[in-house]
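> Got a structure for you, questions after.
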Amino acid sequence: MKYLCGKNGKLSPLPPSRTGRINSGMAIAGGSILFLAVMLGLLIYSPPKEKTQTHTTANEDDALVMYCAAGIKPPVAAAAAQFAEEEFGIPVHLQYGGSGTLLSNLQVAKKGDLYLAADTSYIEIAREKGLLDEAISVARMHPVIMVKKGNPKKIQSIDDLLKADVTFALANPDAASIGKLTKKKLTEAGKWDAVSRSARVFKPTVSEISSDVLLGAVDAAIVWDATVNQHPEKASMVDVPEFSGTIKNVTVGVLNSSDKPQKALMFARYLQAPEKGQKQFAEKGYETVQGDAWDPHPTILLFSGGVNRLAIQDTLREFEQREGVTVNTVYNGCGILVGQINSGQRPDAYFACDTSYMVQVQPKFTLPLTVAETDMVIIVEKGNPKQIKSVFDLAGKDIKVGLAHHEQSALGALTKRLLGPLVHNDHSLYDAVQPNVKTNTPTADLLVNQLRTGSLDAAIVYRANISKVTDKLDVVEIKEGRPLAEQPIAILKSTKYPNLMQRLVDKLTAAPSRAIFESSGFRWRIASGSL
C-alpha cells in the first residue's frame with residue numbers, strides 16, 4: 001500500500017484508483033495539447049540565470065593555483081582571500097592535502113603555480129626533481145602530542161600512548177609531513193615499531209587526526225604545535241623529549257610549471273610580509289618568520305663595481321622581470337662607491353670590485369660571499385707596436401700609459417699595490433711610470449676605449465674588461481706580484497628586503513650566472529654545494 005503525508009504529519013493511505021479504459025483518441029489529443037502548452041510556456045518563460053562567482057573572467061585568467069598542506073589551511077586561506085581583495089583582484093585557488101600527497105600530485109599534473117609544504121624537506125625533493133625554483137619560508141612549527149583540554153588521560157610521554165586505556169592517531173608517513181617526521185624521530189628513539197603497531201588509525205593529513213581528538217574518537221594524536229594553538233578551548237599539547245629542538249619551516253615554492261611566476265612570487269612575498277600574511281599566521285598560532293616589508297613592486301638599490309657590469313646586467317634584468325621588482329644599479333669605481341656608502345648612502349646590496357673595498361664598509365653589511373676573481377693584465381694596440389713585454393716596459397720612453405685612479409677605483413689601488421714594491425732604476429716602479437701616465441680613470445672601461453682610439457699605448461685593466469674586444473687589441477700577461485682582484489657580494493644589514501636580496505644573490509650565484517661570468521673573463525670562486 002502507498003502512503004502520503006497528511007496535514008497532521010501522519011501517514012494516510014492513498015484513495016483507491018478508478019479502474020477502466022481511456023479512449024485512445026482522447027489520450028492522443030490531450031497529450032498533444034499538453035505538449036503545445038509546455039512548449040509555449042518555455043518560449044514565454046526564461047528562467048533566471050544561476051549566480052556566478054564574483055571574480056570576473058579576466059581575474060580567473062589571472063588566478064593562481066596553489067597546492068597547500070592541509071594543516072596550514074587556516075592562515076593561508078585567510079591570506080589568500082585578503083590578497084585577492086587587496087592586490088589587483090588576483091584569486092588564489094587552493095588545493096589541500098598532505099605535503100607528500102601534494103608532491104606526488106603536482107609531479108603528475110605538471111601544472112600549477114605554488115606548492116606550500118609543512119617542512120622544507122618536501123621543497124628540497126621538489127627542487128631536486130626540477131619542479132620548482134624559489135622557496136620562501138613563511139612560518140615555523142614543532143611536533144607535539146595533542147590531547148583533549150585538561151589531558152584527562154594524563155598523557156605525559158610517548159610511552160604513555162602505549163597504555164591499554166589510551167587510543168591515539170598518527171598521520172601517514174607517506175602522505176603528511178608530520179607523519180614523516182614522527183616516524184623519523186621515533187625511529188631514532190627506537191620507539192617507532194611499538195607506536196606504529198599501537199596506533200588506532202593512520203590518516204593522510206594532520207587536520208584529520210586533530211579532528212579525531214576534538215571529536216573524542218581518540219585520546220591523542222601527534223600533530224604540530226600550531227594545530228593545537230588553533231583550538232585553545234578544546235585541546236592541550238604535551239611536549240616530549242623525542243621532539244625536543246625539532247623545528248620545521250613551513251615553506252612555499254614557486255613551481256616551474258607556472259606561467260605567472262611574477263604573480264606567484266608576489267603572493268609568496270605577501271605570505272611572508274609582517275603586515276600581511278604573517279599577521280594571519282600569528283593569529284592562527286604559528287611561529288612567524290622575519291619577512292620583507294610589503295610592497296607589490298619593490299625598488300631595490302645595488303652598488304656594483306664597474307668590472308662586474310657585463311657579467312651581471314642580463315641576470316639583473318631577468319630577476320626584475322620574474323620578481324616584478326625594480327633594481328636600480330649604480331656602476332662605478334669602488335673607491336667612489338665606498339665613499340658614497342661611508343657618507344650615508346645605503347644600497348640594499350654591494351658587489352665590490354675587490355675584497356679590499358668590501359672590508360672598508362663591512363660593518364654595514366652581512367658576511368660577504370666571494371663570487372669570482374679576475375686577473376689584471378696589460379692591454380696594448382693590436383700587434384703590440386711598442387713591444388711591451390712586462391710592467392717594467394711601462395716606464396720606457398715614448399709610452400702613453402693609462403691607469404685607473406688609485407683613490408676612486410679598486411683597480412687603481414691594486415695597480416699601485418702591485419707596482420709600488422717593484423724597483424726600477426732605484427725607484428718604485430709605480431713612481432717611475434707616472435711621467436708616462438696620460439690619464440687616470442675611475443673605471444677600466446674608459447681605459448679600454450681610449451686605447452682602442454689610439455690615445456694610449458698601454459693600460460692596466462682587468463681581464464674581464466676586455467672579454468668582448470679581444471680581437472681588437474693584444475694582451476700582455478703580468479707575471480710580477482699578485483695581479484688578482486676578487487669580487488665579493490654582501491647584503492645591507494638594515495635593508496627592508498633581506499629575503500628578496502638573498503634571492504638576488506642566489507640568482508647571481510646560480511649556474512646560469514656562472515656561465516656568464518666565465519665567458520666574461522672571470523674565474524668562478526664558489527665551490528659546488530657551498531651555498
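Within each chain, counting starts at residue 1; across the C-alpha cells, chains are named A, B, ... in the order shown, with ligands numbered 1 upward in that order.
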Can you pull out the residues contacting region 335-347 of chain A? Cut-off 10 Å, using only C-alpha atoms, and skip same-chain residues under 5 positions away; I want them as a PyMOL selection string.

chain A and resi 300-305+328-330+352-353+357-361+364-365+405-413+442-443+491-495

> The selected residues should be written to file as an mmCIF file, in the first residue's frame (atoms: C-alpha atoms).


data_model
loop_
_atom_site.group_PDB
_atom_site.id
_atom_site.type_symbol
_atom_site.label_atom_id
_atom_site.label_comp_id
_atom_site.auth_asym_id
_atom_site.auth_seq_id
_atom_site.Cartn_x
_atom_site.Cartn_y
_atom_site.Cartn_z
ATOM 1 C CA ILE A 300 65.979 47.993 -4.549
ATOM 2 C CA LEU A 301 69.382 49.631 -4.902
ATOM 3 C CA LEU A 302 72.522 47.721 -5.908
ATOM 4 C CA PHE A 303 76.021 49.222 -5.891
ATOM 5 C CA SER A 304 78.417 47.378 -8.167
ATOM 6 C CA GLY A 305 81.981 47.855 -9.267
ATOM 7 C CA ASN A 328 68.430 50.398 -9.603
ATOM 8 C CA THR A 329 72.092 49.553 -10.248
ATOM 9 C CA VAL A 330 74.897 52.050 -9.775
ATOM 10 C CA ALA A 352 82.602 45.003 -4.877
ATOM 11 C CA CYS A 353 85.443 45.046 -7.408
ATOM 12 C CA TYR A 357 86.915 47.554 -0.985
ATOM 13 C CA MET A 358 84.394 45.397 0.875
ATOM 14 C CA VAL A 359 86.429 45.439 4.079
ATOM 15 C CA GLN A 360 86.125 49.213 4.288
ATOM 16 C CA VAL A 361 82.336 49.065 4.693
ATOM 17 C CA LYS A 364 77.195 47.773 7.478
ATOM 18 C CA PHE A 365 76.789 44.522 5.531
ATOM 19 C CA HIS A 405 92.712 56.247 -10.259
ATOM 20 C CA HIS A 406 94.147 54.820 -7.050
ATOM 21 C CA GLU A 407 91.575 56.538 -4.800
ATOM 22 C CA GLN A 408 88.453 56.231 -6.931
ATOM 23 C CA SER A 409 88.974 52.709 -8.196
ATOM 24 C CA ALA A 410 89.824 49.319 -6.738
ATOM 25 C CA LEU A 411 91.801 48.626 -9.915
ATOM 26 C CA GLY A 412 93.806 51.793 -9.344
ATOM 27 C CA ALA A 413 94.551 50.859 -5.748
ATOM 28 C CA PRO A 442 87.604 55.733 -12.135
ATOM 29 C CA THR A 443 86.755 52.641 -14.207
ATOM 30 C CA ILE A 491 73.596 42.400 1.715
ATOM 31 C CA LEU A 492 72.929 45.539 3.747
ATOM 32 C CA LYS A 493 72.092 44.550 7.332
ATOM 33 C CA SER A 494 69.352 47.193 7.575
ATOM 34 C CA THR A 495 67.655 46.518 4.231
#

> I need the helix (DSSP H, G or I) residues of region 276-450 of chain A per DSSP on the backbone, written as a PyMOL selection string.

chain A and resi 277-283+306-323+334-342+356-359+362-364+391-395+410-419+429-436+444-450

> With distances taken over only C-alpha atoms, which of A:Val461, A:Ala171, A:Leu255, A:Val228 is nearest to Glu208 (chain A)?

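Answer, going by the shortest atom-to-atom distance: A:Ala171.
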
> Quick one: distance from CA of Ile379 (chain A) to CA of Asp457 (chain A) in Å, one decimal?

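Value for the CA of Ile379 (chain A)-CA of Asp457 (chain A) distance: 8.4 Å.
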
> Please identify all polymer residues within 8 Å of Val476 (chain A), counting only C-alpha atoms, omitting same-chain residues fewer than 4 positions from it, and present them as a ChimeraX atom specification.

/A:377-380,388-390

> What's the separation between CA of Thr246 (chain A) and CA of Thr182 (chain A), in Å to one decimal place?

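Straight-line distance from CA of Thr246 (chain A) to CA of Thr182 (chain A) works out to 10.5 Å.
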
> Which of these residues is nearest to Pro173 (chain A), using only C-alpha atoms: A:Asn465, A:Ser198, A:Ser99, A:Gln156?

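Looking only at the distances to Pro173 (chain A), the closest residue turns out to be A:Ser99.
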
> Would you pick out the contacts of Lys203 (chain A) at 12 Å or less, using only C-alpha atoms, so that residues sharing its chain but fewer than 6 positions from it are not included, and give the list as a ChimeraX atom specification?

/A:70,97-98,101,168-179,209-212,221-223

> Let's have the selection written as a PDB file, in the first residue's frame, with N, CA, C and O atoms.


ATOM      1  N   ALA A  70      47.449  20.557   4.100  1.00  0.00           N
ATOM      2  CA  ALA A  70      46.146  20.695   4.746  1.00  0.00           C
ATOM      3  C   ALA A  70      46.239  21.338   6.130  1.00  0.00           C
ATOM      4  O   ALA A  70      45.374  22.121   6.517  1.00  0.00           O
ATOM      5  N   GLY A  97      45.924  18.955   0.877  1.00  0.00           N
ATOM      6  CA  GLY A  97      46.288  17.553   1.048  1.00  0.00           C
ATOM      7  C   GLY A  97      47.527  17.459   1.907  1.00  0.00           C
ATOM      8  O   GLY A  97      48.084  18.473   2.352  1.00  0.00           O
ATOM      9  N   GLY A  98      47.982  16.244   2.164  1.00  0.00           N
ATOM     10  CA  GLY A  98      49.242  16.065   2.862  1.00  0.00           C
ATOM     11  C   GLY A  98      50.395  16.535   1.983  1.00  0.00           C
ATOM     12  O   GLY A  98      50.306  16.469   0.743  1.00  0.00           O
ATOM     13  N   THR A 101      51.460  13.815  -0.399  1.00  0.00           N
ATOM     14  CA  THR A 101      50.438  13.547  -1.412  1.00  0.00           C
ATOM     15  C   THR A 101      50.424  14.635  -2.469  1.00  0.00           C
ATOM     16  O   THR A 101      50.350  14.360  -3.673  1.00  0.00           O
ATOM     17  N   PHE A 168      45.145   6.482  20.160  1.00  0.00           N
ATOM     18  CA  PHE A 168      45.747   7.653  19.509  1.00  0.00           C
ATOM     19  C   PHE A 168      45.790   7.446  17.995  1.00  0.00           C
ATOM     20  O   PHE A 168      45.694   6.323  17.486  1.00  0.00           O
ATOM     21  N   ALA A 169      45.961   8.586  17.290  1.00  0.00           N
ATOM     22  CA  ALA A 169      46.004   8.578  15.824  1.00  0.00           C
ATOM     23  C   ALA A 169      47.340   9.146  15.356  1.00  0.00           C
ATOM     24  O   ALA A 169      47.947   9.998  16.022  1.00  0.00           O
ATOM     25  N   LEU A 170      47.785   8.664  14.209  1.00  0.00           N
ATOM     26  CA  LEU A 170      49.002   9.167  13.585  1.00  0.00           C
ATOM     27  C   LEU A 170      48.714   9.564  12.137  1.00  0.00           C
ATOM     28  O   LEU A 170      47.799   9.033  11.505  1.00  0.00           O
ATOM     29  N   ALA A 171      49.532  10.475  11.635  1.00  0.00           N
ATOM     30  CA  ALA A 171      49.442  10.841  10.224  1.00  0.00           C
ATOM     31  C   ALA A 171      50.282   9.866   9.405  1.00  0.00           C
ATOM     32  O   ALA A 171      51.324   9.380   9.865  1.00  0.00           O
ATOM     33  N   ASN A 172      49.836   9.586   8.203  1.00  0.00           N
ATOM     34  CA  ASN A 172      50.519   8.649   7.317  1.00  0.00           C
ATOM     35  C   ASN A 172      51.900   9.201   6.940  1.00  0.00           C
ATOM     36  O   ASN A 172      52.000  10.300   6.382  1.00  0.00           O
ATOM     37  N   PRO A 173      52.980   8.481   7.227  1.00  0.00           N
ATOM     38  CA  PRO A 173      54.326   8.972   6.911  1.00  0.00           C
ATOM     39  C   PRO A 173      54.558   9.218   5.422  1.00  0.00           C
ATOM     40  O   PRO A 173      55.411  10.025   5.049  1.00  0.00           O
ATOM     41  N   ASP A 174      53.816   8.528   4.572  1.00  0.00           N
ATOM     42  CA  ASP A 174      53.991   8.692   3.132  1.00  0.00           C
ATOM     43  C   ASP A 174      53.158   9.824   2.557  1.00  0.00           C
ATOM     44  O   ASP A 174      53.329  10.187   1.390  1.00  0.00           O
ATOM     45  N   ALA A 175      52.263  10.374   3.361  1.00  0.00           N
ATOM     46  CA  ALA A 175      51.352  11.394   2.847  1.00  0.00           C
ATOM     47  C   ALA A 175      51.537  12.752   3.501  1.00  0.00           C
ATOM     48  O   ALA A 175      51.409  13.788   2.841  1.00  0.00           O
ATOM     49  N   ALA A 176      51.828  12.765   4.802  1.00  0.00           N
ATOM     50  CA  ALA A 176      51.852  14.029   5.550  1.00  0.00           C
ATOM     51  C   ALA A 176      53.229  14.297   6.145  1.00  0.00           C
ATOM     52  O   ALA A 176      53.935  13.386   6.578  1.00  0.00           O
ATOM     53  N   SER A 177      53.573  15.559   6.213  1.00  0.00           N
ATOM     54  CA  SER A 177      54.864  15.962   6.768  1.00  0.00           C
ATOM     55  C   SER A 177      55.010  15.553   8.225  1.00  0.00           C
ATOM     56  O   SER A 177      56.048  15.046   8.640  1.00  0.00           O
ATOM     57  N   ILE A 178      53.944  15.759   9.023  1.00  0.00           N
ATOM     58  CA  ILE A 178      54.025  15.398  10.439  1.00  0.00           C
ATOM     59  C   ILE A 178      54.188  13.898  10.597  1.00  0.00           C
ATOM     60  O   ILE A 178      54.880  13.422  11.510  1.00  0.00           O
ATOM     61  N   GLY A 179      53.589  13.104   9.703  1.00  0.00           N
ATOM     62  CA  GLY A 179      53.743  11.647   9.761  1.00  0.00           C
ATOM     63  C   GLY A 179      55.163  11.227   9.441  1.00  0.00           C
ATOM     64  O   GLY A 179      55.739  10.348  10.105  1.00  0.00           O
ATOM     65  N   ILE A 209      43.588  13.928  11.851  1.00  0.00           N
ATOM     66  CA  ILE A 209      43.861  13.294  13.151  1.00  0.00           C
ATOM     67  C   ILE A 209      43.594  14.266  14.298  1.00  0.00           C
ATOM     68  O   ILE A 209      43.205  13.844  15.397  1.00  0.00           O
ATOM     69  N   SER A 210      43.774  15.559  14.064  1.00  0.00           N
ATOM     70  CA  SER A 210      43.434  16.527  15.120  1.00  0.00           C
ATOM     71  C   SER A 210      41.916  16.559  15.327  1.00  0.00           C
ATOM     72  O   SER A 210      41.437  16.679  16.462  1.00  0.00           O
ATOM     73  N   SER A 211      41.148  16.421  14.253  1.00  0.00           N
ATOM     74  CA  SER A 211      39.687  16.365  14.369  1.00  0.00           C
ATOM     75  C   SER A 211      39.253  15.146  15.177  1.00  0.00           C
ATOM     76  O   SER A 211      38.286  15.210  15.950  1.00  0.00           O
ATOM     77  N   ASP A 212      39.964  14.036  15.008  1.00  0.00           N
ATOM     78  CA  ASP A 212      39.642  12.834  15.783  1.00  0.00           C
ATOM     79  C   ASP A 212      39.781  13.086  17.280  1.00  0.00           C
ATOM     80  O   ASP A 212      38.972  12.591  18.082  1.00  0.00           O
ATOM     81  N   ALA A 221      46.903  12.507  19.565  1.00  0.00           N
ATOM     82  CA  ALA A 221      47.468  12.425  18.212  1.00  0.00           C
ATOM     83  C   ALA A 221      48.756  13.233  18.205  1.00  0.00           C
ATOM     84  O   ALA A 221      48.918  14.176  18.989  1.00  0.00           O
ATOM     85  N   ILE A 222      49.670  12.849  17.343  1.00  0.00           N
ATOM     86  CA  ILE A 222      50.908  13.622  17.195  1.00  0.00           C
ATOM     87  C   ILE A 222      50.706  14.594  16.044  1.00  0.00           C
ATOM     88  O   ILE A 222      50.501  14.191  14.896  1.00  0.00           O
ATOM     89  N   VAL A 223      50.745  15.886  16.398  1.00  0.00           N
ATOM     90  CA  VAL A 223      50.430  16.949  15.445  1.00  0.00           C
ATOM     91  C   VAL A 223      51.442  18.087  15.601  1.00  0.00           C
ATOM     92  O   VAL A 223      52.382  18.005  16.391  1.00  0.00           O
TER      93      VAL A 223
END

> Just how far from CA of Gln487 (chain A) is CA of Ala372 (chain A), in Å to one decimal?

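One can read the CA of Ala372 (chain A) to CA of Gln487 (chain A) distance as 5.3 Å.
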
> DSSP on the backbone, strand (DSSP E) only: what residues of region 448-501 of chain A does that give? Format it as a ChimeraX atom specification.

/A:458-462,473-477,484-491

> As a PDB file with N, CA, C and O atoms, in the first residue's frame, please: the residues near region 89-96 of chain A (cut-off 7 Å, only C-alpha atoms, same-chain neighbours under 4 positions excluded).


ATOM      1  N   ASN A  59      39.867  38.086 -14.127  1.00  0.00           N
ATOM      2  CA  ASN A  59      40.523  37.716 -12.888  1.00  0.00           C
ATOM      3  C   ASN A  59      40.789  36.223 -12.824  1.00  0.00           C
ATOM      4  O   ASN A  59      41.814  35.778 -12.322  1.00  0.00           O
ATOM      5  N   GLU A  60      39.841  35.417 -13.322  1.00  0.00           N
ATOM      6  CA  GLU A  60      40.042  33.977 -13.316  1.00  0.00           C
ATOM      7  C   GLU A  60      41.213  33.584 -14.209  1.00  0.00           C
ATOM      8  O   GLU A  60      41.927  32.629 -13.931  1.00  0.00           O
ATOM      9  N   ASP A  62      43.814  35.275 -14.424  1.00  0.00           N
ATOM     10  CA  ASP A  62      44.989  35.614 -13.621  1.00  0.00           C
ATOM     11  C   ASP A  62      45.116  34.751 -12.367  1.00  0.00           C
ATOM     12  O   ASP A  62      46.071  34.902 -11.614  1.00  0.00           O
ATOM     13  N   ALA A  63      44.139  33.891 -12.130  1.00  0.00           N
ATOM     14  CA  ALA A  63      44.100  33.127 -10.882  1.00  0.00           C
ATOM     15  C   ALA A  63      45.339  32.249 -10.722  1.00  0.00           C
ATOM     16  O   ALA A  63      45.857  31.684 -11.686  1.00  0.00           O
ATOM     17  N   LEU A  64      45.785  32.148  -9.479  1.00  0.00           N
ATOM     18  CA  LEU A  64      46.904  31.285  -9.137  1.00  0.00           C
ATOM     19  C   LEU A  64      46.379  29.964  -8.576  1.00  0.00           C
ATOM     20  O   LEU A  64      45.368  29.942  -7.872  1.00  0.00           O
ATOM     21  N   VAL A  65      47.066  28.879  -8.884  1.00  0.00           N
ATOM     22  CA  VAL A  65      46.735  27.572  -8.331  1.00  0.00           C
ATOM     23  C   VAL A  65      47.836  27.189  -7.338  1.00  0.00           C
ATOM     24  O   VAL A  65      49.014  27.153  -7.702  1.00  0.00           O
ATOM     25  N   MET A  66      47.426  26.916  -6.110  1.00  0.00           N
ATOM     26  CA  MET A  66      48.397  26.630  -5.051  1.00  0.00           C
ATOM     27  C   MET A  66      48.075  25.292  -4.393  1.00  0.00           C
ATOM     28  O   MET A  66      46.963  25.063  -3.934  1.00  0.00           O
ATOM     29  N   TYR A  67      49.066  24.394  -4.365  1.00  0.00           N
ATOM     30  CA  TYR A  67      48.968  23.151  -3.620  1.00  0.00           C
ATOM     31  C   TYR A  67      49.383  23.461  -2.180  1.00  0.00           C
ATOM     32  O   TYR A  67      50.529  23.853  -1.929  1.00  0.00           O
ATOM     33  N   CYS A  68      48.459  23.277  -1.237  1.00  0.00           N
ATOM     34  CA  CYS A  68      48.711  23.718   0.144  1.00  0.00           C
ATOM     35  C   CYS A  68      48.552  22.570   1.129  1.00  0.00           C
ATOM     36  O   CYS A  68      47.527  21.873   1.133  1.00  0.00           O
ATOM     37  N   ALA A  69      49.552  22.368   1.975  1.00  0.00           N
ATOM     38  CA  ALA A  69      49.474  21.358   3.027  1.00  0.00           C
ATOM     39  C   ALA A  69      48.222  21.603   3.872  1.00  0.00           C
ATOM     40  O   ALA A  69      47.968  22.730   4.302  1.00  0.00           O
ATOM     41  N   ALA A  70      47.449  20.557   4.100  1.00  0.00           N
ATOM     42  CA  ALA A  70      46.146  20.695   4.746  1.00  0.00           C
ATOM     43  C   ALA A  70      46.239  21.338   6.130  1.00  0.00           C
ATOM     44  O   ALA A  70      45.374  22.121   6.517  1.00  0.00           O
ATOM     45  N   ALA A  80      44.939  34.329   1.457  1.00  0.00           N
ATOM     46  CA  ALA A  80      44.577  34.289   0.036  1.00  0.00           C
ATOM     47  C   ALA A  80      43.357  35.152  -0.241  1.00  0.00           C
ATOM     48  O   ALA A  80      43.304  35.878  -1.247  1.00  0.00           O
ATOM     49  N   ALA A  84      43.436  38.501  -2.622  1.00  0.00           N
ATOM     50  CA  ALA A  84      42.556  38.686  -3.776  1.00  0.00           C
ATOM     51  C   ALA A  84      41.788  39.997  -3.688  1.00  0.00           C
ATOM     52  O   ALA A  84      41.534  40.651  -4.698  1.00  0.00           O
ATOM     53  N   GLU A  85      41.456  40.382  -2.468  1.00  0.00           N
ATOM     54  CA  GLU A  85      40.704  41.620  -2.278  1.00  0.00           C
ATOM     55  C   GLU A  85      41.589  42.849  -2.431  1.00  0.00           C
ATOM     56  O   GLU A  85      41.184  43.855  -3.009  1.00  0.00           O
TER      57      GLU A  85
END

> Need the shell around region 284-291 of chain A: protein/DNA/RNA residues with any atom at most 12 Å away, counting only C-alpha atoms. Skip same-chain ones fewer than 3 positions apart. Format as a PyMOL selection string?

chain A and resi 71-79+118+136-142+224-232+247-251+268-281+294-295+495-502

> Would you save the residues from that selection as a short mmCIF file (atom, residue, chain, number, x, y, z; two decimals), in the first residue's frame, using C-alpha atoms?


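Dumped to result_22.cif:
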data_model
loop_
_atom_site.label_atom_id
_atom_site.label_comp_id
_atom_site.auth_asym_id
_atom_site.auth_seq_id
_atom_site.Cartn_x
_atom_site.Cartn_y
_atom_site.Cartn_z
CA GLY A 71 47.42 21.56 8.21
CA ILE A 72 48.33 25.07 7.07
CA LYS A 73 44.89 25.82 5.61
CA PRO A 74 43.59 28.38 8.17
CA PRO A 75 46.23 31.13 7.74
CA VAL A 76 46.77 30.51 4.03
CA ALA A 77 43.07 30.60 3.19
CA ALA A 78 42.63 33.84 5.14
CA ALA A 79 45.69 35.42 3.50
CA ALA A 118 54.73 21.82 6.02
CA ILE A 136 60.24 31.22 0.72
CA SER A 137 59.82 30.38 4.41
CA VAL A 138 56.53 31.61 5.92
CA ALA A 139 56.25 30.01 9.41
CA ARG A 140 57.77 27.57 11.91
CA MET A 141 56.26 24.63 13.78
CA HIS A 142 57.31 21.74 16.01
CA TRP A 224 52.04 20.38 15.02
CA ASP A 225 52.00 22.83 17.93
CA ALA A 226 50.22 25.33 15.68
CA THR A 227 47.40 22.82 15.17
CA VAL A 228 46.78 22.71 18.91
CA ASN A 229 47.07 26.50 19.20
CA GLN A 230 44.06 26.83 16.89
CA HIS A 231 41.83 25.07 19.49
CA PRO A 232 42.84 26.60 22.85
CA ILE A 247 61.65 22.85 14.25
CA LYS A 248 60.21 22.69 10.75
CA ASN A 249 59.87 25.59 8.35
CA VAL A 250 56.60 25.96 6.50
CA THR A 251 57.82 26.86 3.03
CA ALA A 268 54.66 34.25 -1.72
CA ARG A 269 56.12 37.60 -0.62
CA TYR A 270 52.67 38.57 0.66
CA LEU A 271 52.53 35.47 2.87
CA GLN A 272 55.90 36.37 4.33
CA ALA A 273 55.26 40.10 4.84
CA PRO A 274 54.90 41.10 8.54
CA GLU A 275 51.95 43.41 7.92
CA LYS A 276 50.14 40.92 5.65
CA GLY A 277 50.37 37.12 5.72
CA GLN A 278 52.39 36.95 8.92
CA LYS A 279 49.52 38.53 10.81
CA GLN A 280 47.32 35.64 9.73
CA PHE A 281 49.93 33.07 10.77
CA TRP A 294 55.30 44.65 1.89
CA ASP A 295 55.35 46.35 -1.46
CA THR A 495 67.66 46.52 4.23
CA LYS A 496 63.86 46.33 4.25
CA TYR A 497 64.09 43.38 1.87
CA PRO A 498 66.57 40.83 3.28
CA ASN A 499 64.79 37.83 1.72
CA LEU A 500 64.41 39.47 -1.68
CA MET A 501 68.09 40.43 -1.63
CA GLN A 502 69.08 36.87 -0.72
#

> Using only C-alpha atoms, which of the listed residues (A:Asn105, A:Gln313, A:Gln262, A:Thr355) sits closest to Ala485 (chain A)?

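Using only C-alpha atoms, Ala485 (chain A) sits closest to A:Thr355.
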